[in-house]
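J.: This is run-v8.csv (CSV, N, CA and C atoms).
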```
chain,number,residue,atom,x,y,z
A,1,MET,N,5.1,46.7,-60.7
A,1,MET,CA,4.8,46.1,-59.5
A,1,MET,C,5.7,46.6,-58.3
A,2,GLU,N,7.0,46.9,-58.6
A,2,GLU,CA,7.9,47.4,-57.6
A,2,GLU,C,7.5,48.8,-57.2
A,3,ALA,N,7.0,49.6,-58.1
A,3,ALA,CA,6.5,51.0,-57.8
A,3,ALA,C,5.3,50.9,-56.8
A,4,ILE,N,4.4,50.0,-57.0
A,4,ILE,CA,3.3,49.8,-56.1
A,4,ILE,C,3.8,49.4,-54.7
A,5,ASP,N,4.7,48.4,-54.7
A,5,ASP,CA,5.2,48.0,-53.4
A,5,ASP,C,5.9,49.1,-52.7
A,6,ARG,N,6.7,49.9,-53.4
A,6,ARG,CA,7.4,51.0,-52.8
A,6,ARG,C,6.4,52.1,-52.2
A,7,LYS,N,5.3,52.3,-53.0
A,7,LYS,CA,4.3,53.3,-52.6
A,7,LYS,C,3.6,52.8,-51.4
A,8,THR,N,3.3,51.5,-51.3
A,8,THR,CA,2.6,50.9,-50.2
A,8,THR,C,3.5,51.0,-48.9
A,9,THR,N,4.8,50.6,-49.1
A,9,THR,CA,5.7,50.7,-48.0
A,9,THR,C,5.9,52.1,-47.5
A,10,ASP,N,6.0,53.1,-48.4
A,10,ASP,CA,6.1,54.5,-48.0
A,10,ASP,C,4.9,54.9,-47.2
A,11,LYS,N,3.7,54.5,-47.7
A,11,LYS,CA,2.5,54.9,-47.0
A,11,LYS,C,2.4,54.2,-45.6
A,12,LEU,N,2.8,53.0,-45.5
A,12,LEU,CA,2.8,52.3,-44.2
A,12,LEU,C,3.8,53.0,-43.2
A,13,GLN,N,5.0,53.3,-43.7
A,13,GLN,CA,6.0,54.0,-42.9
A,13,GLN,C,5.5,55.3,-42.4
A,14,GLU,N,4.8,56.1,-43.3
A,14,GLU,CA,4.2,57.3,-42.9
A,14,GLU,C,3.1,57.2,-41.8
A,15,VAL,N,2.3,56.2,-42.0
A,15,VAL,CA,1.2,55.9,-41.0
A,15,VAL,C,1.9,55.5,-39.7
A,16,MET,N,2.9,54.7,-39.7
A,16,MET,CA,3.6,54.3,-38.4
A,16,MET,C,4.2,55.5,-37.8
A,17,GLU,N,4.9,56.4,-38.6
A,17,GLU,CA,5.5,57.6,-38.0
A,17,GLU,C,4.4,58.5,-37.4
A,18,LEU,N,3.3,58.7,-38.1
A,18,LEU,CA,2.3,59.6,-37.6
A,18,LEU,C,1.6,59.0,-36.4
A,19,SER,N,1.4,57.7,-36.3
A,19,SER,CA,0.8,57.0,-35.2
A,19,SER,C,1.7,57.2,-33.9
A,20,ARG,N,3.0,57.1,-34.1
A,20,ARG,CA,3.9,57.3,-33.0
A,20,ARG,C,3.9,58.8,-32.5
A,21,LEU,N,3.9,59.7,-33.4
A,21,LEU,CA,3.9,61.1,-33.1
A,21,LEU,C,2.5,61.4,-32.4
A,22,TYR,N,1.5,60.8,-32.9
A,22,TYR,CA,0.2,61.0,-32.3
A,22,TYR,C,0.1,60.5,-30.8
A,23,ASP,N,0.8,59.3,-30.6
A,23,ASP,CA,0.8,58.8,-29.2
A,23,ASP,C,1.5,59.8,-28.3
A,24,PHE,N,2.5,60.5,-28.7
A,24,PHE,CA,3.2,61.4,-27.8
A,24,PHE,C,2.5,62.8,-27.8
A,25,TYR,N,2.0,63.3,-28.9
A,25,TYR,CA,1.5,64.7,-29.0
A,25,TYR,C,0.0,64.8,-29.3
A,26,GLY,N,-0.7,63.7,-29.5
A,26,GLY,CA,-2.1,63.8,-29.9
A,26,GLY,C,-3.0,64.7,-29.0
A,27,GLU,N,-2.7,64.6,-27.7
A,27,GLU,CA,-3.5,65.4,-26.8
A,27,GLU,C,-3.4,66.9,-27.0
A,28,LEU,N,-2.4,67.3,-27.7
A,28,LEU,CA,-2.2,68.8,-28.0
A,28,LEU,C,-3.0,69.3,-29.1
A,29,LEU,N,-3.6,68.4,-29.8
A,29,LEU,CA,-4.5,68.8,-30.9
A,29,LEU,C,-5.9,69.0,-30.4
A,30,GLY,N,-6.7,69.9,-31.1
A,30,GLY,CA,-8.0,70.2,-30.7
A,30,GLY,C,-8.9,68.9,-30.8
A,31,GLU,N,-10.0,68.8,-30.1
A,31,GLU,CA,-10.8,67.6,-30.1
A,31,GLU,C,-11.3,67.3,-31.4
A,32,HIS,N,-11.8,68.2,-32.2
A,32,HIS,CA,-12.3,68.0,-33.5
A,32,HIS,C,-11.3,67.5,-34.5
A,33,LYS,N,-10.1,68.2,-34.5
A,33,LYS,CA,-9.0,67.8,-35.3
A,33,LYS,C,-8.5,66.4,-34.9
A,34,LYS,N,-8.4,66.2,-33.6
A,34,LYS,CA,-8.0,64.9,-33.1
A,34,LYS,C,-8.8,63.7,-33.6
A,35,GLN,N,-10.1,63.9,-33.6
A,35,GLN,CA,-11.1,62.8,-34.1
A,35,GLN,C,-10.9,62.6,-35.6
A,36,ILE,N,-10.7,63.6,-36.4
A,36,ILE,CA,-10.6,63.5,-37.8
A,36,ILE,C,-9.2,62.8,-38.1
A,37,PHE,N,-8.2,63.2,-37.4
A,37,PHE,CA,-6.9,62.6,-37.6
A,37,PHE,C,-6.9,61.1,-37.2
A,38,GLU,N,-7.5,60.8,-36.1
A,38,GLU,CA,-7.7,59.4,-35.6
A,38,GLU,C,-8.4,58.5,-36.6
A,39,ASP,N,-9.5,59.1,-37.1
A,39,ASP,CA,-10.3,58.3,-38.1
A,39,ASP,C,-9.5,58.0,-39.4
A,40,TYR,N,-8.7,59.0,-39.8
A,40,TYR,CA,-8.0,58.8,-41.1
A,40,TYR,C,-6.7,58.0,-40.9
A,41,VAL,N,-5.9,58.3,-39.9
A,41,VAL,CA,-4.6,57.6,-39.7
A,41,VAL,C,-4.8,56.3,-38.9
A,42,LEU,N,-5.5,56.4,-37.8
A,42,LEU,CA,-5.5,55.2,-37.0
A,42,LEU,C,-6.7,54.2,-37.3
A,43,ASN,N,-7.8,54.7,-37.7
A,43,ASN,CA,-8.9,53.9,-38.1
A,43,ASN,C,-9.1,53.6,-39.5
A,44,ASP,N,-8.2,54.2,-40.3
A,44,ASP,CA,-8.1,53.9,-41.8
A,44,ASP,C,-9.4,54.2,-42.5
A,45,LEU,N,-10.1,55.2,-42.1
A,45,LEU,CA,-11.3,55.6,-42.9
A,45,LEU,C,-10.8,56.5,-44.0
A,46,SER,N,-11.5,56.5,-45.1
A,46,SER,CA,-11.2,57.3,-46.3
A,46,SER,C,-11.6,58.8,-46.0
A,47,LEU,N,-11.0,59.7,-46.8
A,47,LEU,CA,-11.4,61.1,-46.6
A,47,LEU,C,-12.9,61.3,-46.9
A,48,SER,N,-13.4,60.6,-47.8
A,48,SER,CA,-14.9,60.6,-48.2
A,48,SER,C,-15.7,60.2,-47.0
A,49,GLU,N,-15.3,59.1,-46.4
A,49,GLU,CA,-16.1,58.5,-45.2
A,49,GLU,C,-16.1,59.6,-44.1
A,50,ILE,N,-15.0,60.1,-43.8
A,50,ILE,CA,-14.9,61.1,-42.7
A,50,ILE,C,-15.7,62.4,-43.1
A,51,ALA,N,-15.6,62.8,-44.4
A,51,ALA,CA,-16.4,63.9,-44.8
A,51,ALA,C,-17.9,63.7,-44.6
A,52,ASP,N,-18.3,62.5,-45.0
A,52,ASP,CA,-19.7,62.2,-44.8
A,52,ASP,C,-20.1,62.2,-43.3
A,53,GLU,N,-19.3,61.7,-42.5
A,53,GLU,CA,-19.6,61.7,-41.0
A,53,GLU,C,-19.6,63.1,-40.4
A,54,THR,N,-18.7,63.9,-40.8
A,54,THR,CA,-18.5,65.2,-40.2
A,54,THR,C,-19.2,66.4,-40.9
A,55,GLY,N,-19.7,66.2,-42.1
A,55,GLY,CA,-20.3,67.2,-42.8
A,55,GLY,C,-19.3,68.2,-43.5
A,56,LEU,N,-18.1,67.9,-43.4
A,56,LEU,CA,-17.1,68.7,-44.1
A,56,LEU,C,-16.9,68.2,-45.5
A,57,SER,N,-16.2,69.0,-46.3
A,57,SER,CA,-15.9,68.5,-47.7
A,57,SER,C,-14.7,67.6,-47.6
A,58,ARG,N,-14.5,66.8,-48.6
A,58,ARG,CA,-13.4,65.8,-48.7
A,58,ARG,C,-12.0,66.6,-48.6
A,59,GLN,N,-12.0,67.8,-49.3
A,59,GLN,CA,-10.8,68.6,-49.3
A,59,GLN,C,-10.6,69.2,-47.9
A,60,GLY,N,-11.7,69.6,-47.2
A,60,GLY,CA,-11.5,70.1,-45.8
A,60,GLY,C,-10.9,69.1,-44.9
A,61,VAL,N,-11.4,67.8,-45.0
A,61,VAL,CA,-10.8,66.7,-44.2
A,61,VAL,C,-9.3,66.6,-44.5
A,62,HIS,N,-9.0,66.5,-45.8
A,62,HIS,CA,-7.6,66.4,-46.2
A,62,HIS,C,-6.8,67.5,-45.6
A,63,ASP,N,-7.2,68.7,-45.7
A,63,ASP,CA,-6.5,69.9,-45.1
A,63,ASP,C,-6.3,69.7,-43.6
A,64,ILE,N,-7.3,69.2,-42.9
A,64,ILE,CA,-7.1,69.0,-41.4
A,64,ILE,C,-6.1,68.0,-41.2
A,65,VAL,N,-6.1,66.9,-41.9
A,65,VAL,CA,-5.2,65.8,-41.7
A,65,VAL,C,-3.7,66.3,-42.0
A,66,LYS,N,-3.6,67.0,-43.1
A,66,LYS,CA,-2.3,67.6,-43.4
A,66,LYS,C,-1.8,68.5,-42.3
A,67,ARG,N,-2.6,69.4,-41.9
A,67,ARG,CA,-2.2,70.4,-40.8
A,67,ARG,C,-1.9,69.7,-39.5
A,68,CYS,N,-2.6,68.6,-39.2
A,68,CYS,CA,-2.3,67.9,-37.9
A,68,CYS,C,-1.0,67.2,-38.1
A,69,SER,N,-0.8,66.5,-39.2
A,69,SER,CA,0.5,65.8,-39.5
A,69,SER,C,1.7,66.8,-39.4
A,70,LYS,N,1.5,68.0,-39.9
A,70,LYS,CA,2.6,69.0,-39.9
A,70,LYS,C,2.8,69.4,-38.4
A,71,LYS,N,1.7,69.6,-37.7
A,71,LYS,CA,1.8,70.1,-36.3
A,71,LYS,C,2.5,69.0,-35.4
A,72,LEU,N,2.2,67.8,-35.6
A,72,LEU,CA,2.8,66.7,-34.8
A,72,LEU,C,4.3,66.6,-35.1
A,73,ARG,N,4.7,66.8,-36.4
A,73,ARG,CA,6.1,66.8,-36.7
A,73,ARG,C,6.8,68.0,-36.1
A,74,GLU,N,6.1,69.1,-36.1
A,74,GLU,CA,6.7,70.3,-35.5
A,74,GLU,C,6.9,70.1,-34.0
A,75,TYR,N,6.0,69.5,-33.3
A,75,TYR,CA,6.1,69.3,-31.9
A,75,TYR,C,7.3,68.4,-31.7
A,76,GLU,N,7.5,67.4,-32.5
A,76,GLU,CA,8.7,66.5,-32.3
A,76,GLU,C,10.0,67.2,-32.6
A,77,GLU,N,10.0,68.1,-33.6
A,77,GLU,CA,11.1,68.8,-34.0
A,77,GLU,C,11.6,69.7,-32.8
A,78,LYS,N,10.6,70.3,-32.1
A,78,LYS,CA,10.9,71.2,-31.0
A,78,LYS,C,11.2,70.4,-29.7
A,79,LEU,N,10.4,69.4,-29.4
A,79,LEU,CA,10.5,68.7,-28.1
A,79,LEU,C,11.3,67.5,-28.1
A,80,CYS,N,11.4,66.8,-29.2
A,80,CYS,CA,12.2,65.6,-29.3
A,80,CYS,C,11.8,64.5,-28.4
A,81,LEU,N,10.6,64.4,-28.0
A,81,LEU,CA,10.2,63.3,-27.0
A,81,LEU,C,10.3,61.9,-27.6
A,82,VAL,N,9.9,61.7,-28.9
A,82,VAL,CA,10.1,60.4,-29.5
A,82,VAL,C,11.5,60.0,-29.6
A,83,LYS,N,12.4,61.0,-30.0
A,83,LYS,CA,13.8,60.7,-30.1
A,83,LYS,C,14.4,60.3,-28.7
A,84,LYS,N,14.0,61.1,-27.7
A,84,LYS,CA,14.5,60.8,-26.3
A,84,LYS,C,14.0,59.4,-25.8
A,85,PHE,N,12.7,59.1,-26.1
A,85,PHE,CA,12.1,57.8,-25.8
A,85,PHE,C,12.9,56.7,-26.4
A,86,ASP,N,13.2,56.8,-27.7
A,86,ASP,CA,13.9,55.8,-28.4
A,86,ASP,C,15.3,55.6,-27.9
A,87,PHE,N,16.0,56.7,-27.6
A,87,PHE,CA,17.3,56.7,-27.0
A,87,PHE,C,17.3,55.9,-25.7
A,88,THR,N,16.4,56.3,-24.8
A,88,THR,CA,16.3,55.7,-23.5
A,88,THR,C,15.9,54.2,-23.6
A,89,LYS,N,15.0,53.9,-24.5
A,89,LYS,CA,14.6,52.5,-24.6
A,89,LYS,C,15.8,51.6,-25.1
A,90,GLN,N,16.6,52.2,-26.0
A,90,GLN,CA,17.7,51.4,-26.5
A,90,GLN,C,18.7,51.2,-25.4
A,91,ARG,N,19.0,52.2,-24.6
A,91,ARG,CA,19.9,52.1,-23.5
A,91,ARG,C,19.4,51.1,-22.4
A,92,VAL,N,18.2,51.2,-22.1
A,92,VAL,CA,17.6,50.3,-21.1
A,92,VAL,C,17.7,48.8,-21.6
A,93,ASN,N,17.4,48.6,-22.9
A,93,ASN,CA,17.6,47.3,-23.4
A,93,ASN,C,19.0,46.8,-23.3
A,94,GLN,N,20.0,47.7,-23.5
A,94,GLN,CA,21.4,47.3,-23.4
A,94,GLN,C,21.7,47.0,-21.9
A,95,ILE,N,21.2,47.8,-21.0
A,95,ILE,CA,21.3,47.5,-19.6
A,95,ILE,C,20.8,46.1,-19.2
A,96,LYS,N,19.6,45.8,-19.7
A,96,LYS,CA,19.0,44.6,-19.5
A,96,LYS,C,19.8,43.4,-20.0
A,97,SER,N,20.3,43.5,-21.2
A,97,SER,CA,21.2,42.5,-21.8
A,97,SER,C,22.5,42.3,-21.0
A,98,ILE,N,23.1,43.4,-20.6
A,98,ILE,CA,24.3,43.3,-19.8
A,98,ILE,C,24.1,42.7,-18.5
A,99,SER,N,23.0,43.1,-17.8
A,99,SER,CA,22.6,42.5,-16.5
A,99,SER,C,22.4,41.0,-16.6
A,100,GLU,N,21.7,40.6,-17.6
A,100,GLU,CA,21.5,39.1,-17.8
A,100,GLU,C,22.8,38.4,-18.0
A,101,ASP,N,23.7,39.1,-18.8
A,101,ASP,CA,25.0,38.5,-19.0
A,101,ASP,C,25.8,38.4,-17.7
A,102,ILE,N,25.7,39.4,-16.9
A,102,ILE,CA,26.4,39.4,-15.6
A,102,ILE,C,25.9,38.3,-14.7
A,103,ARG,N,24.5,38.2,-14.7
A,103,ARG,CA,23.9,37.2,-13.8
A,103,ARG,C,24.3,35.8,-14.3
A,104,ARG,N,24.4,35.6,-15.6
A,104,ARG,CA,24.8,34.3,-16.2
A,104,ARG,C,26.2,33.9,-15.9
A,105,THR,N,27.1,34.9,-16.1
A,105,THR,CA,28.6,34.7,-16.1
A,105,THR,C,29.3,35.1,-14.7
A,106,ASN,N,28.5,35.8,-13.9
A,106,ASN,CA,29.1,36.4,-12.7
A,106,ASN,C,30.3,37.3,-13.0
A,107,ASP,N,30.3,37.9,-14.1
A,107,ASP,CA,31.4,38.8,-14.5
A,107,ASP,C,31.0,40.2,-14.1
A,108,ILE,N,31.3,40.6,-12.9
A,108,ILE,CA,30.9,41.9,-12.4
A,108,ILE,C,31.8,43.1,-13.0
A,109,SER,N,32.8,42.7,-13.7
A,109,SER,CA,33.6,43.8,-14.4
A,109,SER,C,32.8,44.6,-15.4
A,110,ARG,N,31.6,44.1,-15.8
A,110,ARG,CA,30.8,44.8,-16.8
A,110,ARG,C,29.9,45.8,-16.1
A,111,ILE,N,30.0,45.9,-14.8
A,111,ILE,CA,29.2,46.9,-14.1
A,111,ILE,C,29.5,48.3,-14.5
A,112,LEU,N,30.7,48.6,-14.9
A,112,LEU,CA,31.1,49.9,-15.4
A,112,LEU,C,30.3,50.2,-16.7
A,113,GLU,N,30.0,49.2,-17.5
A,113,GLU,CA,29.2,49.5,-18.7
A,113,GLU,C,27.8,49.9,-18.3
A,114,LEU,N,27.3,49.3,-17.3
A,114,LEU,CA,25.9,49.6,-16.8
A,114,LEU,C,26.0,51.1,-16.2
A,115,GLU,N,27.0,51.4,-15.5
A,115,GLU,CA,27.1,52.8,-15.0
A,115,GLU,C,27.1,53.8,-16.1
A,116,GLN,N,27.9,53.5,-17.2
A,116,GLN,CA,28.0,54.4,-18.3
A,116,GLN,C,26.7,54.6,-19.0
A,117,LEU,N,26.0,53.5,-19.2
A,117,LEU,CA,24.7,53.5,-19.9
A,117,LEU,C,23.7,54.3,-19.0
A,118,SER,N,23.7,54.1,-17.7
A,118,SER,CA,22.9,54.9,-16.9
A,118,SER,C,23.2,56.3,-16.9
A,119,GLU,N,24.4,56.7,-16.9
A,119,GLU,CA,24.9,58.1,-17.0
A,119,GLU,C,24.4,58.7,-18.4
A,120,ASP,N,24.5,57.9,-19.5
A,120,ASP,CA,24.0,58.4,-20.8
A,120,ASP,C,22.5,58.8,-20.7
A,121,ILE,N,21.8,57.9,-20.1
A,121,ILE,CA,20.3,58.1,-20.0
A,121,ILE,C,20.1,59.4,-19.1
A,122,LEU,N,20.7,59.5,-18.0
A,122,LEU,CA,20.5,60.7,-17.2
A,122,LEU,C,20.9,62.0,-17.9
A,123,ASN,N,22.0,61.9,-18.6
A,123,ASN,CA,22.5,63.1,-19.3
A,123,ASN,C,21.5,63.5,-20.5
A,124,GLU,N,20.9,62.5,-21.0
A,124,GLU,CA,19.9,62.8,-22.2
A,124,GLU,C,18.7,63.5,-21.7
A,125,LEU,N,18.3,63.2,-20.5
A,125,LEU,CA,17.0,63.7,-19.9
A,125,LEU,C,17.1,65.1,-19.6
```
Please go through the file and, once you have read it, give me the structure as structure tokens.
T.:
Amino acid sequence: MEAIDRKTTDKLQEVMELSRLYDFYGELLGEHKKQIFEDYVLNDLSLSEIADETGLSRQGVHDIVKRCSKKLREYEEKLCLVKKFDFTKQRVNQIKSISEDIRRTNDISRILELEQLSEDILNEL
């Protein structure tokens, strides 16, 4: 039972990772490959269903999905857009939290923290 849960969890994590990568880099894929990747990863169609729709073999669909997954990971490895987005989002959330705290407590001494977080974001870009 635990092996099945682990396998399911791993599959879900992979789908989430690929979905995020697709959000950032999907437009860089060719239209045909993009549609197959969307159908498999985002629309949860089986390889057989996609093969029937496209006239490709099941193995052909599998190869396209694997190549697209590899390409999306390579884009992230080179461009780091997802990593930069996550870094910036984390810092902005910290800025929001500190700002709310300053508003609540009138403790303006924390403005230095805001300045440092802002500087971190600007240096990351």
J.: If we count all atoms listed in the file, what is near segment 7-21 of chain A at a cut-off of 7 Å, once residues fewer than 2 positions away on the same chain are taken out, given as a PyMOL selection string?
T.: chain A and resi 2-5+23-26+41-42+69+72-73
J.: Just how far from atom CA of Gln94 of chain A is atom N of Lys78 of chain A, in Å to one decimal?
T.: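 Pair atom N of Lys78 of chain A / atom CA of Gln94 of chain A returns 26.9 Å.
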J.: What does the structure give for the distance between atom CA of Gly60 of chain A and atom CA of Lys34 of chain A, in Å to one decimal?
T.: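 Taking atom CA of Gly60 of chain A as the start and atom CA of Lys34 of chain A as the end point, the length is 14.2 Å.
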J.: Find the spatial neighbours of Glu113 of chain A, counting all atoms listed in the file, within a cut-off of 8 Å - ignore same-chain residues fewer than 6 positions away - and output them as number ranges by chain.
T.: A: 94-95, 98, 119
J.: Can you pull out every residue within 8 Å of Val61 of chain A, counting all atoms listed in the file, but drop anything in the same chain fewer than 3 positions away, and send it as number ranges by chain?
T.: A: 36-37, 47-48, 50-51, 56-58, 64-67
J.: Interatomic distance between atom CA of Asn43 of chain A and atom C of Arg6 of chain A?
T.: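 So the answer is 20.9 Å.
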J.: To box segment 15-27 of chain A, take all atoms listed in the file, fit an axis-aligned box, add 4 Å on each side, and give centre and edge lengths in Å to one decimal, as JSON.
T.:
```
{"center_x": 1.0, "center_y": 60.6, "center_z": -34.4, "size_x": 17.0, "size_y": 20.6, "size_z": 23.2}
```
